[in-house]
Amino acid sequence: MLSSVLTLSFVAAVLTSTAPVALAALGGALCGRAGVFNIALEGQVLWACFAAVVVAAWTGSVWLGVLAAVVTTTLLASVLAVGSVRWHADPIIVAVGVNLLALGLTGFLLRSLLGASGTYAPPGLPGLPDLALLRGVPVLGPLLSGQSVLVPVALLLPLAAAWWLARTPAGLRLRGVGDHPAAAASLGVPVTRYQQATVHVAGALCGLAGAQLALGNVTAFTENMTAGRGWVAVAAVMLAVNRPVGVLLACLLFGAAEAWGFRLQGIGLPQQLTDAAPYLVTLVVLVVVRARRSSRQGAPA
Amino acid sequence: MSAAPDSPAPPATLRPADRLRLAAPQAVVPLGAVLVALAVGAVVMLAAGVDPVRGYDAMVRGALGVSSIDFSVAAFTAILAMSLAFAVPARMGEYNLGGDGQLCVGGIAAAVVALHLPLPAPLLLPACLLAAVVAGALLAALSAPLTTRARVPVIISTLLLSTPAVALTSYLVRFPLADRGSGVPQTPRFPDAAHLPALPGTQYTNLGLLLVLLVLVAVVVVDGRTPLGFELRAVGANRRFAAYGGVSVPGLTLGALASAGAVAGLAGAVVVMTQPFRFVDGALTAPGYTFAGIAAALLAGGRPALLPLTAALFTVLQVGSTGMERDIDLPRQLGQVLQAVVILVLALRTVALTATARRARRRAPERS
């Protein structure tokens, strides 16, 4: 009995760790499907964390915080959308600039606007409400009742996206835009409009990811609090070759590694080592899967 | 990086004024990027209620004032090295974003040798540097087979390796290598034989600057004057064609990444073997040498000889913004914001090309 509760609580911790990464990675996967290489996820999620916390603290409303994170991060995504899609700028350099801008701007505003250094968690900062109504339900209760309402959203959105990509005309067009832009254009699909819209949607998803990270996983903004999660999301996108459900599975792997790390910290392992584990696990799995895939396909490209 | 085309060299008979005129269009974009960044900085300062003139004055004094120039040169050394660590693989179209990890393993390797290898004094200093170079090179070289065999892009693998590498050094400094008794996570002070000799009259400016300048000269020569440099650029311009022409892409990737990691590792050793002669946790990553180096490399475009100039500019931004924080209480992250703006303006200069193309299409509608 005790062991089953422990296991369920571990799975719950995995879901918590997975949620923000899965939301960002879903954005990256949609961009990949549309043929845009989006590695600005890290900076966008970091900005979203900041916007969510600041607006939630100022208004006292957690939902206004979430809304602000989604809206402003979608705006931030315009830099990549317009720059790399319409102006044909190098998406990698644009993303490096966006990531650095988010890091610098959040750090700057944290000090100059909020007068905080390092961490901002004012008393009364509201967190996302949890799913308390599930408390009595077997299995689902222990798994989800302590989670924020965005966690099931993060777990279900990839499934919805997979269905949308496979079953709807718009999804088909999006895949066409990524697979063969010239062919899609010849059939009358507005290629750049699809690509720009997708990058904006990814921005909105990063907004949700940041809101979950800063108002769900914890209730605070800390300088550089994403700490590489956006890059893990990029790795998950590559691992699953842009398939939303695969991306979710890859993110669960990262979440498991992070939750396991927290457990090891609990029994006295230094935090510096357990923090490193999720990144190494992600990289090792990425390498193994990609190496097997390319050897199956024959010569490496 | 590869987007900046090298224009044919003007004939030697041109007058200096004509040479300037011919070079002008190439200089417009980088200069414009810097000016835009400074303008954005001024707007940010105004928004924060600071007179931009006072802000930039504090920045310049913070970097180039009599009391700070010595430290600025040390920061310049690290930023120049990190710009090389980004620029060399970028020549072949690979982006090394794992500079922080390579810096840290270099620093920690130097620290381990300095503190725990019983070597005679004259050998200790070169041994520290060598260990740092090897450690940085090994970490960066890991990414080469990952991209050539497993097709994991260098930009991803260098970053994903960097976070654990930084965390590992942080662990080592806090536990096995820690200076017990000091409240700060740091190693004990290195023995005198592992201190880089400072140049006369300085505290921070030392042999490390000369070593990094030597590496710069080597990179400029190899890049511009040797078949190896040509192969690197050929792969950057067209990977498949270069491979078809007989260039070994896997070998070249390994070499370029190992060299990049070696310079970064050297930078790590130089920083820890300077005042206060310890590996202090966070001292290598907090100043943001890696991204300042990346910005400097992007600003220099495909011209390694310009790296000292652009690295100097970003040193002023970096060190100056720390001085600005001290003097007029404006957060030093402004320096990062300005770097980001420079990178974005450089990347988005393609808007001009797009506009030109659109105008050309409009002028000749009958052809489309």
# chains A, B, ... in the order shown; residues from 1 in each chain; ligands from 1
>>> residues_around(residues="Val287 of chain A", least_positions_apart="5", cutoff="12 Å", atoms="only C-alpha atoms", output="PyMOL selection string")
(chain A and resi 235-236+238-239+280-282+292-295) or (chain B and resi 142-154+156-157+160)
>>> write_last_selection(atoms="N, CA and C atoms", output="CSV table (one decimal), in the first residue's frame")
chain,number,residue,atom,x,y,z
A,235,ALA,N,15.9,19.1,-27.9
A,235,ALA,CA,16.4,17.7,-28.0
A,235,ALA,C,15.3,16.8,-28.2
A,236,ALA,N,14.2,17.0,-27.4
A,236,ALA,CA,13.0,16.1,-27.5
A,236,ALA,C,12.4,16.2,-28.9
A,238,MET,N,13.9,16.8,-31.7
A,238,MET,CA,14.8,16.0,-32.6
A,238,MET,C,14.6,14.5,-32.4
A,239,LEU,N,14.5,14.1,-31.1
A,239,LEU,CA,14.4,12.7,-30.8
A,239,LEU,C,13.2,12.1,-31.4
A,280,LEU,N,22.2,14.9,-19.3
A,280,LEU,CA,23.0,13.8,-19.8
A,280,LEU,C,22.1,12.7,-20.3
A,281,VAL,N,21.0,12.4,-19.6
A,281,VAL,CA,20.1,11.3,-20.0
A,281,VAL,C,19.5,11.7,-21.4
A,282,THR,N,19.0,13.0,-21.5
A,282,THR,CA,18.5,13.4,-22.7
A,282,THR,C,19.4,13.3,-23.9
A,292,ARG,N,21.1,4.8,-34.1
A,292,ARG,CA,20.4,3.6,-34.6
A,292,ARG,C,19.6,3.9,-35.9
A,293,ARG,N,19.0,5.1,-35.8
A,293,ARG,CA,18.1,5.4,-37.0
A,293,ARG,C,19.0,5.6,-38.2
A,294,SER,N,20.1,6.3,-38.1
A,294,SER,CA,20.9,6.6,-39.3
A,294,SER,C,21.6,5.3,-39.8
A,295,SER,N,21.9,4.4,-38.8
A,295,SER,CA,22.6,3.2,-39.3
A,295,SER,C,21.5,2.3,-40.1
B,142,LEU,N,33.9,15.7,-28.2
B,142,LEU,CA,32.8,14.8,-28.0
B,142,LEU,C,31.7,15.1,-29.0
B,143,SER,N,31.5,16.3,-29.3
B,143,SER,CA,30.3,16.7,-30.1
B,143,SER,C,30.6,16.3,-31.6
B,144,ALA,N,31.9,16.1,-32.0
B,144,ALA,CA,32.2,15.8,-33.4
B,144,ALA,C,31.6,14.5,-33.8
B,145,PRO,N,31.9,13.3,-33.2
B,145,PRO,CA,31.2,12.1,-33.6
B,145,PRO,C,29.7,12.2,-33.4
B,146,LEU,N,29.3,12.9,-32.4
B,146,LEU,CA,27.8,13.0,-32.2
B,146,LEU,C,27.1,13.6,-33.5
B,147,THR,N,27.8,14.5,-34.1
B,147,THR,CA,27.2,15.1,-35.3
B,147,THR,C,27.5,14.3,-36.6
B,148,THR,N,28.7,13.8,-36.7
B,148,THR,CA,29.0,13.1,-38.0
B,148,THR,C,28.5,11.7,-38.0
B,149,ARG,N,28.3,11.1,-36.8
B,149,ARG,CA,27.8,9.7,-36.8
B,149,ARG,C,26.4,9.6,-36.4
B,150,ALA,N,26.0,10.4,-35.3
B,150,ALA,CA,24.6,10.2,-34.8
B,150,ALA,C,23.7,11.4,-35.4
B,151,ARG,N,24.3,12.3,-36.1
B,151,ARG,CA,23.6,13.4,-36.7
B,151,ARG,C,22.8,14.3,-35.6
B,152,VAL,N,23.5,14.4,-34.4
B,152,VAL,CA,23.0,15.3,-33.4
B,152,VAL,C,23.7,16.7,-33.7
B,153,PRO,N,22.9,17.7,-34.0
B,153,PRO,CA,23.6,19.0,-34.4
B,153,PRO,C,24.6,19.5,-33.3
B,154,VAL,N,25.7,20.0,-33.7
B,154,VAL,CA,26.7,20.5,-32.8
B,154,VAL,C,26.1,21.5,-31.8
B,156,ILE,N,23.2,21.6,-30.5
B,156,ILE,CA,22.5,21.0,-29.4
B,156,ILE,C,23.4,20.3,-28.5
B,157,SER,N,24.3,19.5,-29.1
B,157,SER,CA,25.2,18.6,-28.2
B,157,SER,C,26.1,19.5,-27.4
B,160,LEU,N,24.0,20.8,-24.5
B,160,LEU,CA,23.5,19.8,-23.6
B,160,LEU,C,24.7,19.2,-22.8
>>> residues_around(residues="Leu348 of chain B", least_positions_apart="5", cutoff="10 Å", atoms="only C-alpha atoms", output="PyMOL selection string")
(chain A and resi 79-80+82-84+87-91+93-94) or (chain B and resi 33+342-343+353)
>>> write_last_selection(atoms="C-alpha atoms", output="compact mmCIF listing (two decimals), in the first residue's frame")
# COMPACT_ATOMS: atom_id res chain seq x y z
CA VAL A 79 11.15 38.27 -33.90
CA LEU A 80 11.80 34.71 -35.07
CA VAL A 82 9.23 37.67 -39.14
CA GLY A 83 13.03 37.50 -39.07
CA SER A 84 13.64 33.96 -40.20
CA TRP A 87 13.25 38.09 -44.06
CA HIS A 88 15.12 34.78 -44.47
CA ALA A 89 17.53 35.54 -41.63
CA ASP A 90 19.55 32.65 -40.20
CA PRO A 91 17.11 31.08 -37.67
CA ILE A 93 21.54 33.34 -35.08
CA VAL A 94 18.13 34.96 -34.54
CA ALA B 33 24.42 47.11 -35.51
CA VAL B 342 23.85 43.54 -31.81
CA ILE B 343 23.34 39.85 -32.63
CA LEU B 353 18.13 42.20 -49.08
>>> interface_residues(of="chain B", to="chain A", cutoff="8 Å", atoms="only C-alpha atoms", output="VMD selection string")
chain B and resid 48 146 148 to 152 156 to 157 159 to 161 163 to 165 167 to 168 170 to 171 291 330 to 337 339 to 341 343 to 344 347 to 351 354
>>> write_last_selection(atoms="C-alpha atoms", output="JSON list (two decimals), in the first residue's frame")
[["chain", "number", "residue", "atom", "x", "y", "z"],
["B", 48, "ALA", "CA", 14.93, 53.38, -16.14],
["B", 146, "LEU", "CA", 27.82, 13.00, -32.24],
["B", 148, "THR", "CA", 29.04, 13.13, -37.96],
["B", 149, "ARG", "CA", 27.81, 9.69, -36.81],
["B", 150, "ALA", "CA", 24.60, 10.24, -34.85],
["B", 151, "ARG", "CA", 23.59, 13.44, -36.67],
["B", 152, "VAL", "CA", 22.96, 15.34, -33.45],
["B", 156, "ILE", "CA", 22.46, 20.98, -29.43],
["B", 157, "SER", "CA", 25.16, 18.62, -28.20],
["B", 159, "LEU", "CA", 24.81, 23.00, -25.10],
["B", 160, "LEU", "CA", 23.52, 19.78, -23.55],
["B", 161, "LEU", "CA", 27.11, 18.84, -22.61],
["B", 163, "THR", "CA", 25.18, 22.26, -18.45],
["B", 164, "PRO", "CA", 26.38, 18.97, -16.86],
["B", 165, "ALA", "CA", 30.03, 20.02, -17.27],
["B", 167, "ALA", "CA", 27.44, 21.39, -12.75],
["B", 168, "LEU", "CA", 30.25, 18.84, -12.37],
["B", 170, "SER", "CA", 30.54, 23.24, -9.36],
["B", 171, "TYR", "CA", 30.28, 19.94, -7.46],
["B", 291, "PHE", "CA", 28.14, 34.93, -25.07],
["B", 330, "LEU", "CA", 21.88, 50.37, -13.31],
["B", 331, "PRO", "CA", 21.78, 46.54, -13.47],
["B", 332, "ARG", "CA", 24.74, 45.06, -15.30],
["B", 333, "GLN", "CA", 22.44, 42.81, -17.38],
["B", 334, "LEU", "CA", 22.09, 45.84, -19.65],
["B", 335, "GLY", "CA", 25.36, 44.67, -21.18],
["B", 336, "GLN", "CA", 23.73, 41.35, -22.14],
["B", 337, "VAL", "CA", 20.75, 43.18, -23.63],
["B", 339, "GLN", "CA", 24.93, 42.17, -26.96],
["B", 340, "ALA", "CA", 21.65, 40.53, -27.86],
["B", 341, "VAL", "CA", 20.57, 43.58, -29.86],
["B", 343, "ILE", "CA", 23.34, 39.85, -32.63],
["B", 344, "LEU", "CA", 19.71, 40.40, -33.66],
["B", 347, "ALA", "CA", 20.97, 38.51, -38.14],
["B", 348, "LEU", "CA", 18.07, 40.63, -39.33],
["B", 349, "ARG", "CA", 20.11, 42.69, -41.80],
["B", 350, "THR", "CA", 18.63, 40.34, -44.40],
["B", 351, "VAL", "CA", 15.58, 42.61, -44.31],
["B", 354, "THR", "CA", 14.44, 41.29, -48.99]]
>>> residues_around(residues="segment 222-238 of chain B", least_positions_apart="5", cutoff="6 Å", atoms="only C-alpha atoms", output="ChimeraX atom specification")
/B:91-93
>>> select_by_dssp(residues="segment 185-339 of chain B", states="alpha helix (DSSP H)", output="PyMOL selection string")
chain B and resi 207-225+227-237+239-244+249-272+289-300+307-328+334-339
>>> residues_around(residues="Ala48 of chain A", least_positions_apart="6", cutoff="12 Å", atoms="only C-alpha atoms", output="compact mmCIF listing (two decimals) with C-alpha atoms, in the first residue's frame")
# COMPACT_ATOMS: atom_id res chain seq x y z
CA PRO A 20 6.62 22.83 -18.94
CA ALA A 24 7.63 24.15 -25.15
CA LEU A 41 12.37 28.02 -26.93
CA GLU A 42 14.72 28.57 -24.00
CA VAL A 54 5.22 40.01 -12.69
CA VAL A 55 1.65 40.35 -13.92
CA ALA A 56 0.30 37.82 -11.43
CA GLY A 65 -0.43 36.32 -15.32
CA VAL A 66 -0.96 33.34 -17.62
CA LEU A 67 -2.61 35.58 -20.22
CA ALA A 68 0.27 38.07 -20.07
CA ALA A 69 2.79 35.26 -20.48
CA VAL A 70 0.97 33.88 -23.53
CA VAL A 71 0.41 37.26 -25.20
CA THR A 72 3.86 38.76 -24.63
CA THR A 73 5.67 35.56 -25.54
CA THR A 74 3.67 35.34 -28.76
CA LEU A 75 4.86 38.88 -29.48
CA LEU A 76 8.45 37.87 -28.69
CA ALA A 77 8.06 34.97 -31.13
CA ALA A 102 15.43 37.17 -22.78
CA LEU A 103 18.21 36.33 -20.32
CA LEU A 105 16.15 41.65 -20.22
CA THR A 106 14.61 39.52 -17.46
CA GLY A 203 5.42 31.28 -28.79
CA ALA A 204 2.01 30.97 -27.15
CA LEU A 205 2.85 27.40 -26.07
CA CYS A 206 6.15 28.65 -24.60
CA GLY A 207 4.03 31.25 -22.79
CA LEU A 208 1.99 28.44 -21.21
CA ALA A 209 5.20 26.56 -20.45
CA GLY A 210 6.64 29.56 -18.63
CA ALA A 211 3.42 30.13 -16.70
CA GLN A 212 3.43 26.49 -15.58
CA LEU A 213 7.12 26.62 -14.64
CA ALA A 214 6.93 29.87 -12.65
CA LEU A 215 3.39 29.67 -11.24
CA PHE A 221 10.78 33.99 -10.71
CA ASN A 224 17.72 32.01 -15.64
CA MET A 225 15.14 29.70 -14.06
CA THR A 226 14.62 27.72 -17.27
CA GLY A 230 14.25 24.95 -23.56
